[in-house]
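Source file: input_31.csv. Holds: CSV, C-alpha atoms and all ligand atoms.
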chain,number,residue,atom,x,y,z
A,349,MET,CA,16.2,10.0,-7.0
A,350,LYS,CA,14.6,7.0,-8.7
A,351,VAL,CA,16.8,4.1,-9.6
A,352,GLU,CA,16.4,1.2,-12.0
A,353,ARG,CA,18.2,-1.8,-10.7
A,354,LYS,CA,18.4,-5.6,-10.9
A,355,CYS,CA,17.3,-6.8,-7.5
A,356,LYS,CA,17.8,-10.3,-6.1
A,357,ILE,CA,14.9,-12.1,-4.4
A,358,VAL,CA,16.3,-13.2,-1.0
A,359,SER,CA,13.1,-14.7,0.4
A,360,LYS,CA,9.7,-15.7,-0.7
A,361,GLU,CA,6.7,-17.0,1.2
A,362,TRP,CA,3.1,-17.7,0.1
A,363,LEU,CA,0.7,-15.9,2.6
A,364,ASN,CA,-2.4,-17.6,1.3
A,365,GLN,CA,-3.4,-19.3,-2.0
A,366,ASP,CA,-3.0,-16.0,-4.0
A,367,ALA,CA,-0.6,-13.7,-2.1
A,368,VAL,CA,3.2,-13.7,-2.0
A,369,TYR,CA,5.6,-12.0,0.4
A,370,MET,CA,9.0,-11.3,-1.1
A,371,VAL,CA,12.1,-9.7,0.2
A,372,LEU,CA,14.5,-8.1,-2.3
A,373,GLU,CA,18.1,-6.8,-2.1
A,374,VAL,CA,17.9,-3.4,-3.6
A,375,GLY,CA,21.4,-1.9,-3.5
A,376,ASP,CA,21.2,1.6,-2.2
A,377,MET,CA,17.7,2.2,-3.3
A,378,VAL,CA,16.3,2.8,0.2
A,379,ARG,CA,19.1,5.2,1.1
A,380,THR,CA,18.8,7.2,-2.1
A,381,SER,CA,15.1,7.3,-2.8
A,382,CYS,CA,13.0,6.5,0.3
A,383,LYS,CA,10.8,9.5,1.4
A,384,GLY,CA,8.7,7.6,3.9
A,385,PRO,CA,6.0,4.9,3.9
A,386,GLY,CA,3.5,4.6,1.0
A,387,GLN,CA,5.9,4.8,-2.0
A,388,PHE,CA,5.9,2.0,-4.6
A,389,VAL,CA,8.2,0.1,-6.9
A,390,HIS,CA,7.5,-0.6,-10.5
A,391,VAL,CA,8.5,-4.1,-11.3
A,392,LYS,CA,9.1,-5.5,-14.8
A,393,CYS,CA,6.9,-8.6,-14.9
A,394,GLY,CA,7.8,-10.9,-17.8
A,395,ASP,CA,10.4,-11.0,-20.5
A,396,GLY,CA,8.2,-9.8,-23.3
A,397,LEU,CA,6.4,-6.5,-23.9
A,398,LEU,CA,4.4,-6.7,-20.6
A,399,LEU,CA,4.5,-3.4,-18.8
A,400,ARG,CA,5.9,-2.9,-15.3
A,401,ARG,CA,3.5,-3.5,-12.4
A,402,PRO,CA,3.3,-1.1,-9.4
A,403,ILE,CA,3.6,-2.8,-6.0
A,404,SER,CA,3.7,-0.9,-2.7
A,405,VAL,CA,6.7,-1.0,-0.4
A,406,CYS,CA,5.5,-3.0,2.5
A,407,SER,CA,8.7,-2.6,4.5
A,408,CYS,CA,12.2,-1.4,3.8
A,409,MET,CA,15.5,-1.0,5.5
A,410,GLU,CA,18.8,0.6,4.9
A,411,ASP,CA,21.3,-2.2,5.3
A,412,GLU,CA,24.8,-3.4,4.4
A,413,PRO,CA,25.9,-4.6,1.9
A,414,GLU,CA,22.5,-3.9,0.3
A,415,ASP,CA,19.3,-2.2,1.4
A,416,THR,CA,16.3,-4.6,1.7
A,417,LEU,CA,12.7,-4.1,0.7
A,418,ALA,CA,9.7,-6.3,1.2
A,419,ILE,CA,6.6,-6.5,-1.1
A,420,ALA,CA,3.4,-8.4,-0.7
A,421,PHE,CA,1.2,-8.9,-3.7
A,422,GLU,CA,-1.8,-10.9,-4.8
A,423,VAL,CA,-1.9,-12.7,-8.1
A,424,ARG,CA,-4.5,-10.9,-10.2
A,425,GLY,CA,-3.4,-11.4,-13.9
A,426,GLU,CA,-0.5,-12.2,-16.2
A,427,GLY,CA,2.0,-9.8,-14.6
A,428,THR,CA,1.5,-10.8,-10.9
A,429,ALA,CA,1.2,-14.5,-11.9
A,430,TRP,CA,4.7,-14.2,-13.6
A,431,LEU,CA,6.1,-12.4,-10.5
A,432,SER,CA,4.7,-15.1,-8.2
A,433,GLU,CA,6.6,-17.8,-10.1
A,434,ARG,CA,10.0,-16.2,-9.5
A,435,GLN,CA,12.2,-18.0,-7.0
A,436,VAL,CA,14.7,-17.1,-4.3
A,437,GLY,CA,18.0,-16.2,-6.1
A,438,ASP,CA,16.2,-14.8,-9.3
A,439,THR,CA,16.6,-11.2,-10.1
A,440,LEU,CA,13.9,-8.6,-10.8
A,441,ASP,CA,14.1,-5.4,-12.8
A,442,VAL,CA,12.9,-2.8,-10.3
A,443,LEU,CA,12.3,0.9,-10.7
A,444,GLY,CA,12.0,2.8,-7.4
A,445,LEU,CA,11.2,4.1,-5.1
A,446,LEU,CA,8.4,6.0,-6.8
A,447,GLY,CA,5.7,8.4,-5.8
A,448,ASN,CA,4.8,10.4,-2.8
A,449,GLY,CA,3.8,8.4,0.2
A,450,PHE,CA,1.9,9.3,3.4
A,451,GLN,CA,2.8,12.5,5.3
A,452,VAL,CA,3.6,11.0,8.7
A,453,ARG,CA,5.7,11.9,11.7
A,454,PRO,CA,7.5,9.1,13.5
A,455,GLU,CA,6.2,10.4,16.8
A,456,GLY,CA,2.6,10.6,15.5
A,457,ARG,CA,-0.3,8.3,16.2
A,458,TYR,CA,-2.4,7.2,13.2
A,459,LEU,CA,-5.4,5.1,12.4
A,460,LEU,CA,-4.2,2.9,9.6
A,461,VAL,CA,-6.8,1.3,7.3
A,462,GLY,CA,-5.9,-1.3,4.7
A,463,GLY,CA,-8.3,-3.3,2.5
A,464,GLY,CA,-7.2,-6.3,0.5
A,465,ILE,CA,-4.1,-5.5,-1.5
A,466,GLY,CA,-4.2,-2.1,0.2
A,467,ILE,CA,-2.9,-3.7,3.4
A,468,PRO,CA,0.9,-4.0,2.5
A,469,PRO,CA,1.7,-0.2,2.4
A,470,MET,CA,0.0,0.3,5.8
A,471,ARG,CA,2.7,-1.9,7.4
A,472,GLY,CA,5.3,0.7,6.5
A,473,CYS,CA,3.3,3.3,8.4
A,474,ALA,CA,2.9,0.9,11.4
A,475,GLN,CA,6.7,0.5,11.5
A,476,TYR,CA,7.4,4.2,11.0
A,477,THR,CA,5.2,5.1,14.0
A,478,GLN,CA,6.9,2.5,16.2
A,479,GLY,CA,3.9,0.7,17.8
A,480,ARG,CA,1.7,3.8,18.5
A,481,SER,CA,-0.8,3.4,15.7
A,482,THR,CA,-4.0,1.4,15.4
A,483,ALA,CA,-4.6,-0.8,12.4
A,484,ILE,CA,-8.0,-1.7,10.8
A,485,LEU,CA,-7.6,-4.4,8.2
A,486,GLY,CA,-10.2,-5.8,5.9
A,487,GLY,CA,-10.6,-8.5,3.3
A,488,ARG,CA,-13.2,-10.6,1.6
A,489,SER,CA,-12.6,-13.5,3.9
A,490,ALA,CA,-10.2,-14.4,6.8
A,491,ASP,CA,-7.4,-15.7,4.5
A,492,LYS,CA,-7.4,-12.4,2.5
A,493,VAL,CA,-6.5,-10.4,5.6
A,494,ILE,CA,-2.7,-10.7,5.1
A,495,LEU,CA,0.2,-9.7,7.4
A,496,GLN,CA,-2.0,-9.7,10.5
A,497,ASN,CA,0.9,-11.0,12.7
A,498,CYS,CA,3.1,-8.2,11.6
A,499,PHE,CA,0.5,-5.6,12.5
A,500,GLN,CA,-0.1,-7.3,15.9
A,501,ASP,CA,3.6,-6.8,16.6
A,502,GLU,CA,3.9,-3.3,15.2
A,503,CYS,CA,0.6,-1.6,16.3
A,504,ALA,CA,-1.0,-0.8,19.6
A,505,LYS,CA,-4.3,-2.3,18.5
A,506,VAL,CA,-5.5,-4.3,15.5
A,507,LEU,CA,-9.1,-4.6,14.4
A,508,VAL,CA,-10.2,-6.9,11.5
A,509,ALA,CA,-13.3,-6.9,9.3
A,510,THR,CA,-14.3,-9.5,6.7
A,511,ASP,CA,-17.0,-9.2,4.1
A,512,ASP,CA,-18.2,-12.8,4.9
A,513,GLY,CA,-17.8,-12.6,8.7
A,514,SER,CA,-15.2,-15.4,8.7
A,515,LEU,CA,-12.9,-13.2,11.0
A,516,GLY,CA,-13.6,-10.2,13.2
A,517,TYR,CA,-16.3,-7.8,12.4
A,518,HIS,CA,-18.8,-9.0,9.7
A,519,GLY,CA,-18.8,-6.1,7.3
A,520,PHE,CA,-16.7,-3.3,5.9
A,521,VAL,CA,-13.7,-1.5,7.4
A,522,ASP,CA,-15.5,1.9,7.4
A,523,ALA,CA,-17.8,0.6,10.2
A,524,LEU,CA,-14.8,-0.1,12.3
A,525,VAL,CA,-13.3,3.3,11.5
A,526,ARG,CA,-16.6,4.8,12.8
A,527,GLN,CA,-16.5,2.6,15.9
A,528,GLU,CA,-12.9,3.5,16.7
A,529,LEU,CA,-13.2,7.2,16.1
A,530,SER,CA,-16.4,7.4,18.2
A,531,GLU,CA,-14.4,5.9,21.1
A,532,ASP,CA,-11.1,7.7,20.4
A,533,LYS,CA,-10.6,10.7,18.1
A,534,ASN,CA,-7.1,11.3,19.3
A,535,TYR,CA,-5.4,10.4,16.1
A,536,ASP,CA,-3.2,12.7,14.0
A,537,ALA,CA,-4.8,11.3,10.8
A,538,VAL,CA,-6.5,8.4,9.2
A,539,LEU,CA,-4.3,6.8,6.6
A,540,ALA,CA,-6.0,4.4,4.1
A,541,CYS,CA,-5.2,2.2,1.1
A,542,GLY,CA,-7.6,-0.1,-0.7
A,543,PRO,CA,-10.3,-0.1,-3.4
A,544,LYS,CA,-11.8,3.3,-4.3
A,545,PRO,CA,-15.3,2.7,-2.8
A,546,MET,CA,-13.6,1.7,0.5
A,547,LEU,CA,-11.5,4.9,0.4
A,548,ARG,CA,-14.5,7.1,-0.3
A,549,ASN,CA,-16.4,5.6,2.7
A,550,VAL,CA,-13.4,5.8,5.1
A,551,ALA,CA,-12.7,9.5,4.0
A,552,LYS,CA,-16.4,10.3,4.7
A,553,VAL,CA,-16.3,8.9,8.2
A,554,ALA,CA,-13.0,10.7,9.0
A,555,GLU,CA,-14.4,13.9,7.7
A,556,GLU,CA,-17.5,13.5,10.0
A,557,PHE,CA,-15.3,13.1,13.0
A,558,GLY,CA,-13.1,16.0,11.9
A,559,VAL,CA,-9.9,13.9,11.6
A,560,PRO,CA,-7.6,14.5,8.6
A,561,CYS,CA,-7.4,11.7,6.1
A,562,GLN,CA,-4.9,10.7,3.5
A,563,VAL,CA,-5.7,8.0,0.9
A,564,SER,CA,-3.4,6.0,-1.4
A,565,MET,CA,-5.1,5.6,-4.8
A,566,GLU,CA,-4.2,2.3,-6.4
A,567,GLU,CA,-5.1,3.3,-9.9
A,568,ARG,CA,-4.1,1.3,-12.9
A,569,MET,CA,-0.7,2.5,-14.1
A,570,GLY,CA,1.3,2.6,-17.3
A,571,CYS,CA,4.7,4.3,-17.2
A,572,GLY,CA,4.8,4.9,-13.5
A,573,VAL,CA,6.7,8.2,-13.9
A,574,GLY,CA,4.3,10.8,-15.1
A,575,ALA,CA,4.8,10.3,-18.9
A,576,CYS,CA,1.4,8.8,-19.9
A,577,LEU,CA,-2.2,9.4,-18.8
A,578,VAL,CA,-3.1,6.0,-17.5
A,579,CYS,CA,-3.2,6.9,-13.8
A,580,VAL,CA,-5.0,10.3,-13.8
A,581,CYS,CA,-7.1,11.1,-10.8
A,582,ASP,CA,-9.8,13.8,-10.9
A,583,MET,CA,-9.5,16.4,-8.1
A,584,LYS,CA,-12.3,18.4,-6.6
A,585,ASP,CA,-10.8,21.6,-7.9
A,586,GLY,CA,-11.2,20.3,-11.5
A,587,THR,CA,-7.6,19.5,-12.0
A,588,ARG,CA,-6.3,16.0,-12.9
A,589,LYS,CA,-3.3,14.6,-11.1
A,590,HIS,CA,-1.0,11.6,-11.9
A,591,ALA,CA,-1.3,9.0,-9.2
A,592,CYS,CA,2.2,7.8,-10.0
A,593,LYS,CA,4.0,11.2,-9.7
A,594,ASP,CA,1.8,13.4,-7.6
A,595,GLY,CA,0.5,10.5,-5.5
A,596,PRO,CA,-0.3,7.7,-5.0
A,597,VAL,CA,-1.2,9.4,-1.7
A,598,PHE,CA,-3.6,12.4,-1.6
A,599,ASP,CA,-5.4,14.4,1.0
A,600,SER,CA,-8.9,12.8,0.9
A,601,LYS,CA,-10.5,16.3,0.7
A,602,GLU,CA,-8.6,16.9,-2.6
A,603,VAL,CA,-10.1,13.9,-4.4
A,604,ASP,CA,-13.3,14.2,-6.5
A,605,TRP,CA,-15.0,11.0,-5.2
A,606,ASP,CA,-17.9,11.4,-7.7
A,607,ALA,CA,-15.7,11.3,-10.8
A,701,LIG,C1,0.6,2.5,-6.4
A,701,LIG,C2,0.1,1.1,-6.4
A,701,LIG,C3,0.5,0.2,-5.5
A,701,LIG,C4,0.1,-1.1,-5.5
A,701,LIG,N1,0.5,-2.0,-4.5
A,701,LIG,C5,0.1,-3.3,-4.5
A,701,LIG,C6,0.5,-4.2,-3.5
A,701,LIG,O1,1.3,-3.8,-2.6
A,701,LIG,N2,0.1,-5.4,-3.6
A,701,LIG,C7,-0.7,-5.9,-4.6
A,701,LIG,O2,-1.1,-7.1,-4.6
A,701,LIG,N3,-1.2,-5.1,-5.6
A,701,LIG,C8,-0.8,-3.8,-5.6
A,701,LIG,N4,-1.2,-2.9,-6.6
A,701,LIG,C9,-2.1,-3.5,-7.6
A,701,LIG,C10,-1.2,-4.2,-8.7
A,701,LIG,O3,-0.4,-3.2,-9.3
A,701,LIG,C11,-2.1,-4.9,-9.7
A,701,LIG,O4,-2.8,-5.9,-9.1
A,701,LIG,C12,-1.3,-5.4,-10.8
A,701,LIG,O5,-0.8,-4.4,-11.6
A,701,LIG,C13,-2.1,-6.3,-11.7
A,701,LIG,O6,-1.3,-6.7,-12.8
A,701,LIG,P1,-1.5,-8.1,-13.6
A,701,LIG,O7,-0.7,-8.1,-14.8
A,701,LIG,O8,-1.3,-9.3,-12.7
A,701,LIG,O9,-3.1,-8.1,-13.9
A,701,LIG,P2,-3.8,-7.4,-15.1
A,701,LIG,O10,-4.0,-8.5,-16.1
A,701,LIG,O11,-3.2,-6.1,-15.4
A,701,LIG,O12,-5.2,-7.2,-14.3
A,701,LIG,C14,-5.9,-8.3,-13.7
A,701,LIG,C15,-7.0,-7.8,-12.8
A,701,LIG,O13,-6.5,-6.9,-11.8
A,701,LIG,C16,-7.1,-5.7,-11.8
A,701,LIG,N5,-6.2,-4.6,-11.5
A,701,LIG,C17,-5.2,-4.2,-12.3
A,701,LIG,N6,-4.5,-3.1,-11.7
A,701,LIG,C18,-5.2,-2.9,-10.6
A,701,LIG,C19,-5.0,-1.9,-9.5
A,701,LIG,N7,-4.1,-0.9,-9.6
A,701,LIG,N8,-5.8,-2.0,-8.5
A,701,LIG,C20,-6.8,-2.9,-8.4
A,701,LIG,N9,-7.0,-3.9,-9.3
A,701,LIG,C21,-6.2,-3.8,-10.4
A,701,LIG,C22,-7.7,-5.5,-13.2
A,701,LIG,O14,-8.8,-4.7,-13.3
A,701,LIG,C23,-8.0,-6.9,-13.6
A,701,LIG,O15,-9.3,-7.3,-13.1
A,701,LIG,C24,-0.8,-1.6,-6.6
A,701,LIG,C25,-1.2,-0.7,-7.5
A,701,LIG,C26,-0.8,0.6,-7.5
A,701,LIG,C27,-1.2,1.6,-8.5
A,702,LIG,S1,1.3,5.8,-15.0
A,702,LIG,FE1,2.0,7.0,-16.7
A,702,LIG,S2,1.5,9.0,-16.0
A,702,LIG,FE2,1.1,7.8,-14.2
How does the structure come out when it is put into structure tokens?
Amino acid sequence: MKVERKCKIVSKEWLNQDAVYMVLEVGDMVRTSCKGPGQFVHVKCGDGLLLRRPISVCSCMEDEPEDTLAIAFEVRGEGTAWLSERQVGDTLDVLGLLGNGFQVRPEGRYLLVGGGIGIPPMRGCAQYTQGRSTAILGGRSADKVILQNCFQDECAKVLVATDDGSLGYHGFVDALVRQELSEDKNYDAVLACGPKPMLRNVAKVAEEFGVPCQVSMEERMGCGVGACLVCVCDMKDGTRKHACKDGPVFDSKEVDWDA
């Protein structure tokens, strides 16, 4: 059941020059609508006609008197700039929890791959699998690889790649996925979120090694609930699915990567 609710910001921290981490009190939203890691909330950004903006659940917890939910987002345009200017004590209009997240088993072991603003939802997967998973995090430069400390605490192993070589491996995350899978294929699945070219490459490597792969497609969104066509994704079988309602997570083999 999705809920629209006014949610109070209980903490806010800048992770780098452009990225904010916020914790919200969300009433009983986690208890009533959490299906597992990889879902998102649709947050009203602005007082005018501006649409809601989809932001992944980074971490969430059933709690008393209210459940809590953390998001981490980068300022990209008008909506996220408005959101970044909100302060502790302000309330946000939040619709959630939306979408279908990753198919994960708490006792499973996964290779989690997050690129840029695709890093936050992978943290939920790390927490869900209680320290057994490996994380591969990528960004344009060292400061863009957000939440590293959380993954260090919540994963068995963390590898980092940066486009400019300022931290970790100099290159893209799919090279690290290849390196890891060639040393250890004993993962239940590769779970990935990030820009489409990254997802395509990660999916290709996973397929080469015969490891199942799920991808979270961060398409542009309108309504967030299946009522418009902004978020359609082309599937290999010729059908079109809504990232907001059918996804955002899909089996990588279902996606038409050439569309
Ligand atoms: C399911 C889902 C989960 C998401 N989770 C997160 C998250 O956890 N953290 C986070 O920082 N962002 C996340 N995003 C992306 C975020 O929704 C966009 O960055 C945001 O909507 C931009 O709004 P804006 O008004 O600030 O910018 P706009 O003015 O709308 O756009 C500014 C720039 O951002 C680009 N942009 C817009 N939407 C997206 C998108 N979906 N993906 C990539 N680039 C986009 C535009 O092309 C443009 O260049 C998620 C998107 C989806 C669909
Ligand atoms: S965003 Fe409107 S149908 Fe998905």
Please check which residues have atoms at most 8 Å from (0.4, 5.8, -12.0) in the file's coordinates, counting all atoms listed in the file, and write them as a compact mmCIF listing (two decimals) with C-alpha atoms, in the coordinates of the input.
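Output below, filename selection.txt:
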# COMPACT_ATOMS: atom_id res chain seq x y z
CA PRO A 402 3.30 -1.10 -9.40
CA GLU A 567 -5.10 3.30 -9.90
CA ARG A 568 -4.10 1.30 -12.90
CA MET A 569 -0.70 2.50 -14.10
CA GLY A 570 1.30 2.60 -17.30
CA CYS A 571 4.70 4.30 -17.20
CA GLY A 572 4.80 4.90 -13.50
CA VAL A 573 6.70 8.20 -13.90
CA GLY A 574 4.30 10.80 -15.10
CA VAL A 578 -3.10 6.00 -17.50
CA CYS A 579 -3.20 6.90 -13.80
CA VAL A 580 -5.00 10.30 -13.80
CA HIS A 590 -1.00 11.60 -11.90
CA ALA A 591 -1.30 9.00 -9.20
CA CYS A 592 2.20 7.80 -10.00
CA LYS A 593 4.00 11.20 -9.70
CA PRO A 596 -0.30 7.70 -5.00
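Nearest residue to ligand LIG 701 (chain A) among A:Leu431, A:Cys393, A:Ile465, A:Leu446 is A:Ile465, counting only C-alpha atoms and all ligand atoms.
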Selection within 7 Å of ligand LIG 701 (chain A) by only C-alpha atoms and all ligand atoms, output as a ChimeraX atom specification: /A:388,401-406,419-429,465-466,468-469,543,565-569,592,596
Between CA of Lys492 (chain A) and CA of Gly464 (chain A), distance in Å (one decimal): 6.4 Å
Residue among A:Val563, A:Gly447, A:Glu602, A:Val538 lying closest to Asp582 (chain A), counting only C-alpha atoms: A:Glu602
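Among A:Val493, A:Val351, A:Cys408, A:Ala418, the residue with the shortest atom-to-atom distance to Leu515 (chain A), counting only C-alpha atoms, is A:Val493.
Near Asn534 (chain A), within 10 Å and counting all atoms listed in the file, sit Arg457, Tyr458, Leu459, Leu529, Glu531, Asp532, Asp536, Ala537 and Val559 of chain A; same-chain residues fewer than 2 positions away were not included.
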Proximity to Gly394 (chain A) - best of A:Ser381, A:Leu363, A:Ser432, A:Ala490, only C-alpha atoms: A:Ser432
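Each of A:Tyr517, A:Thr587, A:Cys581, A:Val374 was compared to ligand LIG 702 (chain A) using all atoms listed in the file, and A:Cys581 turns out to be the nearest.
Minimum atom-to-atom distance to ligand LIG 702 (chain A), evaluated using all atoms listed in the file, belongs to A:Arg400 out of A:Gly463, A:Ala540, A:Arg400, A:Thr477.
One distance worth recording is that between CA of Asp594 (chain A) and CA of Gly449 (chain A), which is 9.5 Å.
For the atom pair formed by CA of Lys505 (chain A) and CA of Ala483 (chain A), the distance is 6.3 Å, given to one decimal.
Near Arg353 (chain A), within a cut-off of 9 Å and counting only C-alpha atoms, sit the residues Val374, Gly375, Met377, Leu440, Asp441, Val442, Leu443 and Gly444 of chain A, with same-chain residues fewer than 6 positions away left out.
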Cys473 (chain A) environment, 6 Å, only C-alpha atoms, sequence neighbours closer than 3 positions dropped, as JSON, numbers by chain: {"A": [385, 470, 476]}
